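Here is coords_18.cif, consisting of mmCIF, N, CA and C atoms:
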```cif
data_data
loop_
_atom_site.label_atom_id
_atom_site.label_comp_id
_atom_site.auth_asym_id
_atom_site.auth_seq_id
_atom_site.Cartn_x
_atom_site.Cartn_y
_atom_site.Cartn_z
N MET E 1 40.18 3.53 31.15
CA MET E 1 41.46 4.21 31.28
C MET E 1 41.94 4.57 29.89
N ALA E 2 42.11 5.81 29.63
CA ALA E 2 42.54 6.29 28.31
C ALA E 2 44.05 6.27 28.21
N VAL E 3 44.55 6.30 26.98
CA VAL E 3 45.99 6.40 26.77
C VAL E 3 46.43 7.76 27.28
N PRO E 4 47.48 7.83 28.09
CA PRO E 4 47.85 9.08 28.74
C PRO E 4 48.37 10.12 27.75
N GLN E 5 48.04 11.36 28.03
CA GLN E 5 48.58 12.46 27.26
C GLN E 5 49.91 12.91 27.83
N SER E 6 50.15 12.59 29.10
CA SER E 6 51.40 12.97 29.75
C SER E 6 52.56 12.19 29.16
N PRO E 7 53.69 12.85 28.93
CA PRO E 7 54.83 12.14 28.34
C PRO E 7 55.50 11.15 29.29
N ARG E 8 55.14 11.13 30.56
CA ARG E 8 55.87 10.28 31.51
C ARG E 8 55.66 8.79 31.28
N PHE E 9 54.54 8.38 30.66
CA PHE E 9 54.29 6.97 30.43
C PHE E 9 54.41 6.57 28.96
N LEU E 10 54.93 7.44 28.11
CA LEU E 10 54.98 7.16 26.67
C LEU E 10 55.89 6.00 26.30
N GLN E 11 56.91 5.71 27.09
CA GLN E 11 57.86 4.66 26.73
C GLN E 11 57.43 3.27 27.20
N PHE E 12 56.28 3.16 27.87
CA PHE E 12 55.89 1.89 28.47
C PHE E 12 54.83 1.16 27.65
N ASN E 13 54.98 -0.16 27.56
CA ASN E 13 54.04 -1.00 26.83
C ASN E 13 52.77 -1.27 27.63
N PHE E 14 52.89 -1.36 28.95
CA PHE E 14 51.77 -1.71 29.81
C PHE E 14 51.43 -0.52 30.71
N LEU E 15 50.17 -0.09 30.64
CA LEU E 15 49.67 0.98 31.49
C LEU E 15 48.86 0.33 32.61
N VAL E 16 49.06 0.80 33.84
CA VAL E 16 48.44 0.16 34.99
C VAL E 16 47.68 1.21 35.81
N ASP E 17 46.43 0.88 36.11
CA ASP E 17 45.64 1.68 37.05
C ASP E 17 45.52 0.84 38.31
N LEU E 18 46.11 1.30 39.40
CA LEU E 18 46.12 0.54 40.65
C LEU E 18 44.79 0.60 41.40
N GLY E 19 43.83 1.32 40.87
CA GLY E 19 42.51 1.36 41.50
C GLY E 19 42.46 2.18 42.77
N ASN E 20 43.48 2.99 43.02
CA ASN E 20 43.48 3.80 44.23
C ASN E 20 43.75 5.26 43.93
N SER E 21 43.52 5.66 42.71
CA SER E 21 43.81 7.03 42.31
C SER E 21 42.50 7.79 42.09
N ASP E 22 42.51 9.07 42.43
CA ASP E 22 41.35 9.92 42.19
C ASP E 22 41.35 10.46 40.76
N VAL E 23 42.43 10.25 40.04
CA VAL E 23 42.59 10.79 38.70
C VAL E 23 42.28 9.71 37.68
N GLU E 24 41.59 10.08 36.61
CA GLU E 24 41.34 9.13 35.51
C GLU E 24 42.65 8.83 34.80
N GLY E 25 42.80 7.61 34.36
CA GLY E 25 43.99 7.26 33.61
C GLY E 25 44.95 6.43 34.43
N PRO E 26 46.05 6.05 33.81
CA PRO E 26 47.00 5.15 34.48
C PRO E 26 47.76 5.84 35.60
N SER E 27 48.10 5.04 36.61
CA SER E 27 48.92 5.55 37.70
C SER E 27 50.34 5.01 37.59
N ALA E 28 50.57 4.09 36.63
CA ALA E 28 51.90 3.52 36.45
C ALA E 28 52.05 3.01 35.02
N GLY E 29 53.30 2.84 34.60
CA GLY E 29 53.61 2.25 33.31
C GLY E 29 54.77 1.29 33.48
N PHE E 30 54.72 0.15 32.77
CA PHE E 30 55.77 -0.86 32.87
C PHE E 30 56.14 -1.34 31.48
N GLN E 31 57.38 -1.82 31.34
CA GLN E 31 57.85 -2.32 30.06
C GLN E 31 57.59 -3.81 29.88
N GLU E 32 57.50 -4.56 30.98
CA GLU E 32 57.32 -6.00 30.88
C GLU E 32 56.24 -6.47 31.84
N CYS E 33 55.57 -7.57 31.47
CA CYS E 33 54.53 -8.16 32.31
C CYS E 33 54.62 -9.68 32.21
N SER E 34 54.53 -10.35 33.35
CA SER E 34 54.57 -11.82 33.35
C SER E 34 53.24 -12.36 32.83
N ASN E 35 53.09 -13.68 32.86
CA ASN E 35 51.84 -14.31 32.45
C ASN E 35 50.70 -13.84 33.34
N ILE E 36 49.54 -13.60 32.74
CA ILE E 36 48.33 -13.27 33.48
C ILE E 36 47.36 -14.40 33.23
N GLY E 37 46.90 -15.03 34.30
CA GLY E 37 46.00 -16.16 34.08
C GLY E 37 45.19 -16.53 35.30
N ALA E 38 44.14 -17.29 35.06
CA ALA E 38 43.30 -17.83 36.11
C ALA E 38 42.64 -19.08 35.56
N GLY E 39 42.25 -19.96 36.43
CA GLY E 39 41.60 -21.18 35.97
C GLY E 39 41.05 -21.97 37.12
N ALA E 40 40.24 -22.95 36.80
CA ALA E 40 39.66 -23.84 37.81
C ALA E 40 40.15 -25.25 37.54
N PRO E 41 41.12 -25.73 38.32
CA PRO E 41 41.58 -27.10 38.12
C PRO E 41 40.48 -28.09 38.50
N LEU E 42 40.60 -29.30 37.99
CA LEU E 42 39.61 -30.33 38.28
C LEU E 42 40.12 -31.26 39.37
N ALA E 43 39.22 -31.69 40.21
CA ALA E 43 39.56 -32.63 41.29
C ALA E 43 38.85 -33.95 41.02
N ASP E 44 39.53 -35.04 41.34
CA ASP E 44 38.91 -36.37 41.22
C ASP E 44 38.06 -36.63 42.45
N TYR E 45 36.84 -37.13 42.22
CA TYR E 45 35.95 -37.45 43.34
C TYR E 45 35.27 -38.77 43.05
N ARG E 46 35.25 -39.62 44.04
CA ARG E 46 34.54 -40.89 43.93
C ARG E 46 33.79 -41.13 45.23
N ALA E 47 32.49 -41.22 45.12
CA ALA E 47 31.66 -41.52 46.30
C ALA E 47 31.86 -42.97 46.69
N ALA E 48 31.68 -43.28 47.95
CA ALA E 48 31.91 -44.64 48.46
C ALA E 48 30.96 -45.65 47.82
N ASP E 49 29.78 -45.23 47.45
CA ASP E 49 28.83 -46.18 46.89
C ASP E 49 28.80 -46.19 45.36
N ASP E 50 29.77 -45.54 44.70
CA ASP E 50 29.83 -45.56 43.24
C ASP E 50 30.14 -46.97 42.75
N GLU E 51 29.49 -47.35 41.66
CA GLU E 51 29.71 -48.68 41.10
C GLU E 51 31.01 -48.77 40.32
N GLN E 52 31.45 -47.66 39.74
CA GLN E 52 32.68 -47.66 38.96
C GLN E 52 33.86 -47.29 39.85
N ASN E 53 35.03 -47.84 39.46
CA ASN E 53 36.24 -47.53 40.21
C ASN E 53 36.81 -46.16 39.88
N SER E 54 36.50 -45.68 38.69
CA SER E 54 37.04 -44.38 38.31
C SER E 54 36.22 -43.26 38.96
N GLY E 55 36.91 -42.17 39.26
CA GLY E 55 36.24 -41.04 39.88
C GLY E 55 35.68 -40.08 38.85
N ARG E 56 34.92 -39.14 39.33
CA ARG E 56 34.38 -38.09 38.47
C ARG E 56 35.24 -36.84 38.62
N LYS E 57 35.28 -36.06 37.56
CA LYS E 57 36.02 -34.79 37.58
C LYS E 57 35.06 -33.68 37.99
N LEU E 58 35.42 -32.99 39.07
CA LEU E 58 34.61 -31.87 39.55
C LEU E 58 35.48 -30.62 39.63
N PRO E 59 34.90 -29.45 39.33
CA PRO E 59 35.71 -28.23 39.43
C PRO E 59 36.13 -27.96 40.87
N ALA E 60 37.37 -27.61 41.04
CA ALA E 60 37.92 -27.30 42.37
C ALA E 60 37.93 -25.78 42.54
N VAL E 61 38.64 -25.33 43.53
CA VAL E 61 38.72 -23.91 43.84
C VAL E 61 39.46 -23.17 42.73
N ASN E 62 38.96 -21.98 42.38
CA ASN E 62 39.59 -21.14 41.36
C ASN E 62 41.02 -20.80 41.75
N LYS E 63 41.92 -20.83 40.80
CA LYS E 63 43.31 -20.43 41.05
C LYS E 63 43.67 -19.31 40.10
N ALA E 64 44.34 -18.30 40.64
CA ALA E 64 44.79 -17.18 39.83
C ALA E 64 46.30 -17.06 39.98
N SER E 65 46.97 -16.77 38.87
CA SER E 65 48.42 -16.65 38.91
C SER E 65 48.83 -15.29 39.47
N GLN E 66 50.05 -15.23 39.97
CA GLN E 66 50.61 -13.94 40.37
C GLN E 66 51.05 -13.21 39.12
N VAL E 67 50.95 -11.90 39.14
CA VAL E 67 51.34 -11.07 38.01
C VAL E 67 52.50 -10.20 38.44
N THR E 68 53.60 -10.25 37.67
CA THR E 68 54.77 -9.44 37.97
C THR E 68 55.00 -8.45 36.83
N LEU E 69 54.99 -7.18 37.18
CA LEU E 69 55.27 -6.11 36.23
C LEU E 69 56.69 -5.63 36.51
N GLU E 70 57.47 -5.41 35.45
CA GLU E 70 58.88 -5.07 35.63
C GLU E 70 59.26 -3.81 34.86
N ARG E 71 60.29 -3.15 35.37
CA ARG E 71 60.90 -1.96 34.78
C ARG E 71 59.86 -0.90 34.46
N GLY E 72 59.40 -0.23 35.52
CA GLY E 72 58.34 0.75 35.31
C GLY E 72 58.50 2.00 36.13
N LEU E 73 57.45 2.79 36.06
CA LEU E 73 57.41 4.08 36.73
C LEU E 73 56.01 4.24 37.31
N ILE E 74 55.94 4.70 38.55
CA ILE E 74 54.65 4.90 39.21
C ILE E 74 54.59 6.34 39.70
N SER E 75 53.42 6.95 39.61
CA SER E 75 53.31 8.33 40.08
C SER E 75 53.56 8.38 41.58
N ALA E 76 54.16 9.45 42.04
CA ALA E 76 54.58 9.56 43.44
C ALA E 76 53.40 9.46 44.40
N LEU E 77 52.26 10.07 44.07
CA LEU E 77 51.11 10.01 44.97
C LEU E 77 50.59 8.58 45.10
N ASP E 78 50.51 7.86 43.98
CA ASP E 78 50.05 6.48 44.04
C ASP E 78 51.05 5.58 44.74
N PHE E 79 52.33 5.88 44.63
CA PHE E 79 53.34 5.09 45.32
C PHE E 79 53.14 5.18 46.83
N HIS E 80 52.80 6.34 47.32
CA HIS E 80 52.58 6.50 48.76
C HIS E 80 51.29 5.85 49.23
N ARG E 81 50.42 5.51 48.30
CA ARG E 81 49.16 4.84 48.64
C ARG E 81 49.23 3.32 48.47
N LEU E 82 50.39 2.78 48.13
CA LEU E 82 50.51 1.33 47.92
C LEU E 82 50.11 0.54 49.15
N ASP E 83 50.37 1.05 50.34
CA ASP E 83 50.04 0.32 51.56
C ASP E 83 48.54 0.09 51.67
N ARG E 84 47.72 0.95 51.11
CA ARG E 84 46.27 0.77 51.15
C ARG E 84 45.84 -0.43 50.33
N VAL E 85 46.57 -0.75 49.29
CA VAL E 85 46.23 -1.91 48.46
C VAL E 85 46.61 -3.21 49.16
N GLN E 86 47.61 -3.16 50.04
CA GLN E 86 48.09 -4.36 50.70
C GLN E 86 47.18 -4.81 51.83
N VAL E 87 46.39 -3.92 52.42
CA VAL E 87 45.50 -4.27 53.52
C VAL E 87 44.37 -5.14 52.99
N ALA E 88 44.02 -6.20 53.72
CA ALA E 88 43.07 -7.19 53.23
C ALA E 88 41.71 -6.61 52.85
N ASP E 89 41.21 -5.63 53.62
CA ASP E 89 39.88 -5.12 53.31
C ASP E 89 39.92 -4.05 52.22
N ARG E 90 41.06 -3.81 51.63
CA ARG E 90 41.20 -2.81 50.58
C ARG E 90 41.52 -3.45 49.24
N ALA E 91 41.20 -4.72 49.07
CA ALA E 91 41.44 -5.34 47.77
C ALA E 91 40.61 -4.60 46.73
N ARG E 92 41.16 -4.41 45.56
CA ARG E 92 40.50 -3.61 44.54
C ARG E 92 40.77 -4.17 43.16
N THR E 93 40.18 -3.55 42.18
CA THR E 93 40.40 -3.95 40.81
C THR E 93 41.58 -3.16 40.24
N VAL E 94 42.56 -3.90 39.75
CA VAL E 94 43.73 -3.30 39.10
C VAL E 94 43.59 -3.58 37.62
N THR E 95 43.76 -2.55 36.80
CA THR E 95 43.62 -2.69 35.36
C THR E 95 44.98 -2.60 34.69
N VAL E 96 45.29 -3.59 33.84
CA VAL E 96 46.53 -3.61 33.07
C VAL E 96 46.14 -3.54 31.60
N GLN E 97 46.70 -2.56 30.90
CA GLN E 97 46.40 -2.39 29.48
C GLN E 97 47.66 -2.51 28.65
N LEU E 98 47.59 -3.30 27.58
CA LEU E 98 48.69 -3.45 26.63
C LEU E 98 48.45 -2.49 25.48
N GLN E 99 49.46 -1.69 25.16
CA GLN E 99 49.36 -0.74 24.05
C GLN E 99 49.92 -1.37 22.78
N ASP E 100 49.54 -0.81 21.64
CA ASP E 100 50.10 -1.27 20.37
C ASP E 100 51.55 -0.80 20.24
N GLU E 101 52.23 -1.20 19.17
CA GLU E 101 53.65 -0.87 19.02
C GLU E 101 53.91 0.62 18.94
N ALA E 102 52.98 1.37 18.37
CA ALA E 102 53.14 2.82 18.28
C ALA E 102 52.75 3.51 19.58
N ARG E 103 52.18 2.76 20.51
CA ARG E 103 51.72 3.27 21.80
C ARG E 103 50.69 4.38 21.64
N THR E 104 49.77 4.15 20.70
CA THR E 104 48.72 5.13 20.46
C THR E 104 47.33 4.62 20.82
N ARG E 105 47.19 3.29 20.97
CA ARG E 105 45.89 2.75 21.36
C ARG E 105 46.08 1.47 22.18
N VAL E 106 45.06 1.15 22.94
CA VAL E 106 45.08 -0.04 23.78
C VAL E 106 44.55 -1.22 22.97
N VAL E 107 45.30 -2.35 22.98
CA VAL E 107 44.88 -3.52 22.22
C VAL E 107 44.33 -4.64 23.10
N LYS E 108 44.66 -4.64 24.37
CA LYS E 108 44.17 -5.69 25.28
C LYS E 108 44.09 -5.12 26.69
N THR E 109 43.05 -5.49 27.42
CA THR E 109 42.87 -5.03 28.79
C THR E 109 42.58 -6.22 29.69
N TRP E 110 43.28 -6.28 30.80
CA TRP E 110 43.04 -7.28 31.84
C TRP E 110 42.64 -6.55 33.11
N ARG E 111 41.56 -7.02 33.76
CA ARG E 111 41.17 -6.48 35.05
C ARG E 111 41.39 -7.56 36.09
N LEU E 112 42.28 -7.27 37.03
CA LEU E 112 42.58 -8.20 38.11
C LEU E 112 41.64 -7.88 39.26
N LEU E 113 40.68 -8.75 39.51
CA LEU E 113 39.66 -8.51 40.53
C LEU E 113 40.17 -8.93 41.90
N GLY E 114 39.87 -8.16 42.91
CA GLY E 114 40.33 -8.48 44.26
C GLY E 114 41.84 -8.49 44.36
N ALA E 115 42.49 -7.57 43.68
CA ALA E 115 43.96 -7.57 43.61
C ALA E 115 44.59 -6.96 44.86
N ARG E 116 45.74 -7.50 45.19
CA ARG E 116 46.57 -6.98 46.29
C ARG E 116 48.02 -6.98 45.84
N ILE E 117 48.74 -6.00 46.29
CA ILE E 117 50.18 -5.96 46.02
C ILE E 117 50.87 -6.81 47.08
N ILE E 118 51.66 -7.78 46.62
CA ILE E 118 52.36 -8.64 47.58
C ILE E 118 53.86 -8.40 47.59
N GLY E 119 54.32 -7.52 46.73
CA GLY E 119 55.74 -7.19 46.76
C GLY E 119 56.10 -6.14 45.73
N HIS E 120 57.09 -5.35 46.08
CA HIS E 120 57.63 -4.41 45.11
C HIS E 120 59.09 -4.16 45.41
N VAL E 121 59.85 -4.00 44.34
CA VAL E 121 61.28 -3.73 44.42
C VAL E 121 61.50 -2.38 43.77
N ILE E 122 62.11 -1.48 44.52
CA ILE E 122 62.34 -0.13 44.02
C ILE E 122 63.77 -0.03 43.52
N GLY E 123 63.93 0.57 42.35
CA GLY E 123 65.25 0.72 41.74
C GLY E 123 66.04 1.84 42.38
N PRO E 124 67.14 2.20 41.79
CA PRO E 124 67.92 3.31 42.33
C PRO E 124 67.08 4.58 42.29
N LEU E 125 67.08 5.30 43.39
CA LEU E 125 66.26 6.51 43.51
C LEU E 125 67.09 7.74 43.22
N GLY E 126 66.48 8.70 42.56
CA GLY E 126 67.12 9.98 42.30
C GLY E 126 66.17 11.09 42.68
N ALA E 127 66.69 12.25 42.97
CA ALA E 127 65.86 13.36 43.41
C ALA E 127 65.46 14.27 42.26
N GLY E 128 65.64 13.84 41.02
CA GLY E 128 65.41 14.71 39.88
C GLY E 128 63.99 14.75 39.36
N GLY E 129 63.12 13.81 39.76
CA GLY E 129 61.78 13.78 39.18
C GLY E 129 60.71 13.64 40.23
N SER E 130 59.46 13.62 39.78
CA SER E 130 58.34 13.50 40.71
C SER E 130 57.73 12.10 40.71
N ASP E 131 58.31 11.16 39.98
CA ASP E 131 57.81 9.80 39.92
C ASP E 131 58.83 8.86 40.54
N VAL E 132 58.39 7.63 40.86
CA VAL E 132 59.25 6.65 41.53
C VAL E 132 59.49 5.48 40.58
N PRO E 133 60.77 5.15 40.31
CA PRO E 133 61.05 4.00 39.44
C PRO E 133 60.85 2.69 40.20
N ILE E 134 60.17 1.75 39.59
CA ILE E 134 59.89 0.45 40.19
C ILE E 134 60.56 -0.61 39.33
N GLU E 135 61.37 -1.45 39.94
CA GLU E 135 61.97 -2.54 39.20
C GLU E 135 60.99 -3.69 39.03
N GLN E 136 60.22 -4.00 40.10
CA GLN E 136 59.24 -5.08 40.03
C GLN E 136 58.06 -4.76 40.92
N LEU E 137 56.87 -5.07 40.45
CA LEU E 137 55.65 -4.94 41.23
C LEU E 137 54.92 -6.27 41.06
N THR E 138 54.68 -6.98 42.17
CA THR E 138 54.05 -8.29 42.12
C THR E 138 52.65 -8.19 42.73
N LEU E 139 51.68 -8.66 41.98
CA LEU E 139 50.28 -8.61 42.41
C LEU E 139 49.71 -10.02 42.49
N THR E 140 48.77 -10.22 43.38
CA THR E 140 47.97 -11.43 43.39
C THR E 140 46.52 -11.00 43.21
N HIS E 141 45.67 -11.89 42.73
CA HIS E 141 44.29 -11.51 42.50
C HIS E 141 43.38 -12.71 42.68
N GLU E 142 42.08 -12.42 42.77
CA GLU E 142 41.09 -13.46 43.01
C GLU E 142 40.33 -13.85 41.75
N GLY E 143 40.35 -13.01 40.75
CA GLY E 143 39.63 -13.29 39.51
C GLY E 143 40.14 -12.43 38.38
N LEU E 144 39.67 -12.70 37.18
CA LEU E 144 40.22 -12.04 35.99
C LEU E 144 39.11 -11.77 34.99
N GLU E 145 39.09 -10.54 34.47
CA GLU E 145 38.23 -10.18 33.34
C GLU E 145 39.13 -9.71 32.20
N ILE E 146 38.82 -10.12 30.98
CA ILE E 146 39.65 -9.77 29.82
C ILE E 146 38.77 -9.10 28.77
N ASP E 147 39.27 -7.97 28.25
CA ASP E 147 38.61 -7.27 27.15
C ASP E 147 39.49 -7.30 25.93
#
```
Rewritten as structure tokens:
Amino acid sequence: MAVPQSPRFLQFNFLVDLGNSDVEGPSAGFQECSNIGAGAPLADYRAADDEQNSGRKLPAVNKASQVTLERGLISALDFHRLDRVQVADRARTVTVQLQDEARTRVVKTWRLLGARIIGHVIGPLGAGGSDVPIEQLTLTHEGLEID
């Protein structure tokens, strides 16, 4: 996903590709992003025939945090396609890119694998533009790749 040439996303720190657009490049821009993370917590396990009283640490099920993007703008076509991301068999890769302070290049990229939108809050709507303002977009995911 390249840095957009369109002026509509120039004021945003985070560029987001929801993975449901036919167009190359971001489908949304946001000013704030919550923590992005994933990890495998450890579980204590002790077999009945173990000689020691202490258990062993074994990796448990992978856990991924929810990601909340705030104060943003999403293209109108992608906004109407949000329901496709929410359906279980339509989980996709959502890409979040952090731009530098000048907003001329991408400094960090996160790919949320198996992502689904679990909530969105729409701000006050106006009829003056072709994009939709989003106050909050909350995503859940199954895995994480970082570049």
Identify, on the basis of all atoms listed in the file, every residue whose closest approach to E:Leu69 does not exceed 8 Å; exclude the query and any residue fewer than 2 positions from it along the same chain; express the result as number ranges by chain.
E: 29-34, 66-67, 71-72, 134-139
For the provided coordinates, the residues matched by the PyMOL selection byres ((chain E and resi 35-40) around 5) should be stated as a count of residues only.
9
For a test of reading the model, state the distance in Å between atom CA of E:Thr109 and atom CA of E:Ile122, rounded to one decimal.
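Computing the Euclidean distance for atom CA of E:Thr109 and atom CA of E:Ile122 yields 25.2 Å.
Compared by their closest atoms to E:Phe12, and using all atoms listed in the file, the residues E:Leu113, E:Pro133, E:Gly143, E:Gln99 rank with E:Gln99 nearest.
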Protein, DNA and RNA residues within 6 Å of (50.3, -1.6, 26.6), all atoms listed in the file, as JSON, numbers by chain:
{"E": [12, 13, 14, 15, 97, 98, 99, 100]}
Only N, CA and C atoms, please: the residues just picked out, written as a tab-separated table (two decimals), keeping the file's coordinate frame.
```
chain	number	residue	atom	x	y	z
E	12	PHE	N	56.28	3.16	27.87
E	12	PHE	CA	55.89	1.89	28.47
E	12	PHE	C	54.83	1.16	27.65
E	13	ASN	N	54.98	-0.16	27.56
E	13	ASN	CA	54.04	-1.00	26.83
E	13	ASN	C	52.77	-1.27	27.63
E	14	PHE	N	52.89	-1.36	28.95
E	14	PHE	CA	51.77	-1.71	29.81
E	14	PHE	C	51.43	-0.52	30.71
E	15	LEU	N	50.17	-0.09	30.64
E	15	LEU	CA	49.67	0.98	31.49
E	15	LEU	C	48.86	0.33	32.61
E	97	GLN	N	46.70	-2.56	30.90
E	97	GLN	CA	46.40	-2.39	29.48
E	97	GLN	C	47.66	-2.51	28.65
E	98	LEU	N	47.59	-3.30	27.58
E	98	LEU	CA	48.69	-3.45	26.63
E	98	LEU	C	48.45	-2.49	25.48
E	99	GLN	N	49.46	-1.69	25.16
E	99	GLN	CA	49.36	-0.74	24.05
E	99	GLN	C	49.92	-1.37	22.78
E	100	ASP	N	49.54	-0.81	21.64
E	100	ASP	CA	50.10	-1.27	20.37
E	100	ASP	C	51.55	-0.80	20.24
```
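Atom N of E:Gly119 lies 16.8 Å from atom CA of E:Ser27.
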So how far away is atom C of E:Lys57 from atom N of E:Tyr45, in Å?
5.7 Å
Provide an axis-aligned box for all listed atoms of stretch 88-107 of chain E, padding each side by 8 Å; report its centre and its edge lengths in Å to one decimal, as JSON.
```
{"center_x": 46.9, "center_y": -1.0, "center_z": 36.0, "size_x": 30.0, "size_y": 28.3, "size_z": 51.4}
```
Spatial neighbours of E:Ala28, 6.5 Å, all atoms listed in the file, chain gap at least 6 places, as a PyMOL selection string:
chain E and resi 9+14-18+73-75
Please evaluate the PyMOL selection byres ((chain E and resi 114) around 5) against the displayed coordinates and give the resulting residues as a JSON list (two decimals) with N, CA and C atoms, keeping the file's coordinate frame.
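Final output, saved to out-v6.json:
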```json
[["chain", "number", "residue", "atom", "x", "y", "z"],
["E", 91, "ALA", "N", 41.20, -4.72, 49.07],
["E", 91, "ALA", "CA", 41.44, -5.34, 47.77],
["E", 91, "ALA", "C", 40.61, -4.60, 46.73],
["E", 92, "ARG", "N", 41.16, -4.41, 45.56],
["E", 92, "ARG", "CA", 40.50, -3.61, 44.54],
["E", 92, "ARG", "C", 40.77, -4.17, 43.16],
["E", 93, "THR", "N", 40.18, -3.55, 42.18],
["E", 93, "THR", "CA", 40.40, -3.95, 40.81],
["E", 93, "THR", "C", 41.58, -3.16, 40.24],
["E", 112, "LEU", "N", 42.28, -7.27, 37.03],
["E", 112, "LEU", "CA", 42.58, -8.20, 38.11],
["E", 112, "LEU", "C", 41.64, -7.88, 39.26],
["E", 113, "LEU", "N", 40.68, -8.75, 39.51],
["E", 113, "LEU", "CA", 39.66, -8.51, 40.53],
["E", 113, "LEU", "C", 40.17, -8.93, 41.90],
["E", 115, "ALA", "N", 42.49, -7.57, 43.68],
["E", 115, "ALA", "CA", 43.96, -7.57, 43.61],
["E", 115, "ALA", "C", 44.59, -6.96, 44.86],
["E", 116, "ARG", "N", 45.74, -7.50, 45.19],
["E", 116, "ARG", "CA", 46.57, -6.98, 46.29],
["E", 116, "ARG", "C", 48.02, -6.98, 45.84],
["E", 141, "HIS", "N", 45.67, -11.89, 42.73],
["E", 141, "HIS", "CA", 44.29, -11.51, 42.50],
["E", 141, "HIS", "C", 43.38, -12.71, 42.68],
["E", 142, "GLU", "N", 42.08, -12.42, 42.77],
["E", 142, "GLU", "CA", 41.09, -13.46, 43.01],
["E", 142, "GLU", "C", 40.33, -13.85, 41.75]]
```
Applying the PyMOL selection byres ((chain E and resi 147) around 7) to the file I just gave you, which residues come out? Please list them as an MDAnalysis selection string.
chainID E and resid 107:111 145:146
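Among the candidate residues E:Asp49, E:Leu77, E:Ser54, E:Val94, the one lying nearest to E:Gly19 is E:Val94, with distances computed using all atoms listed in the file.
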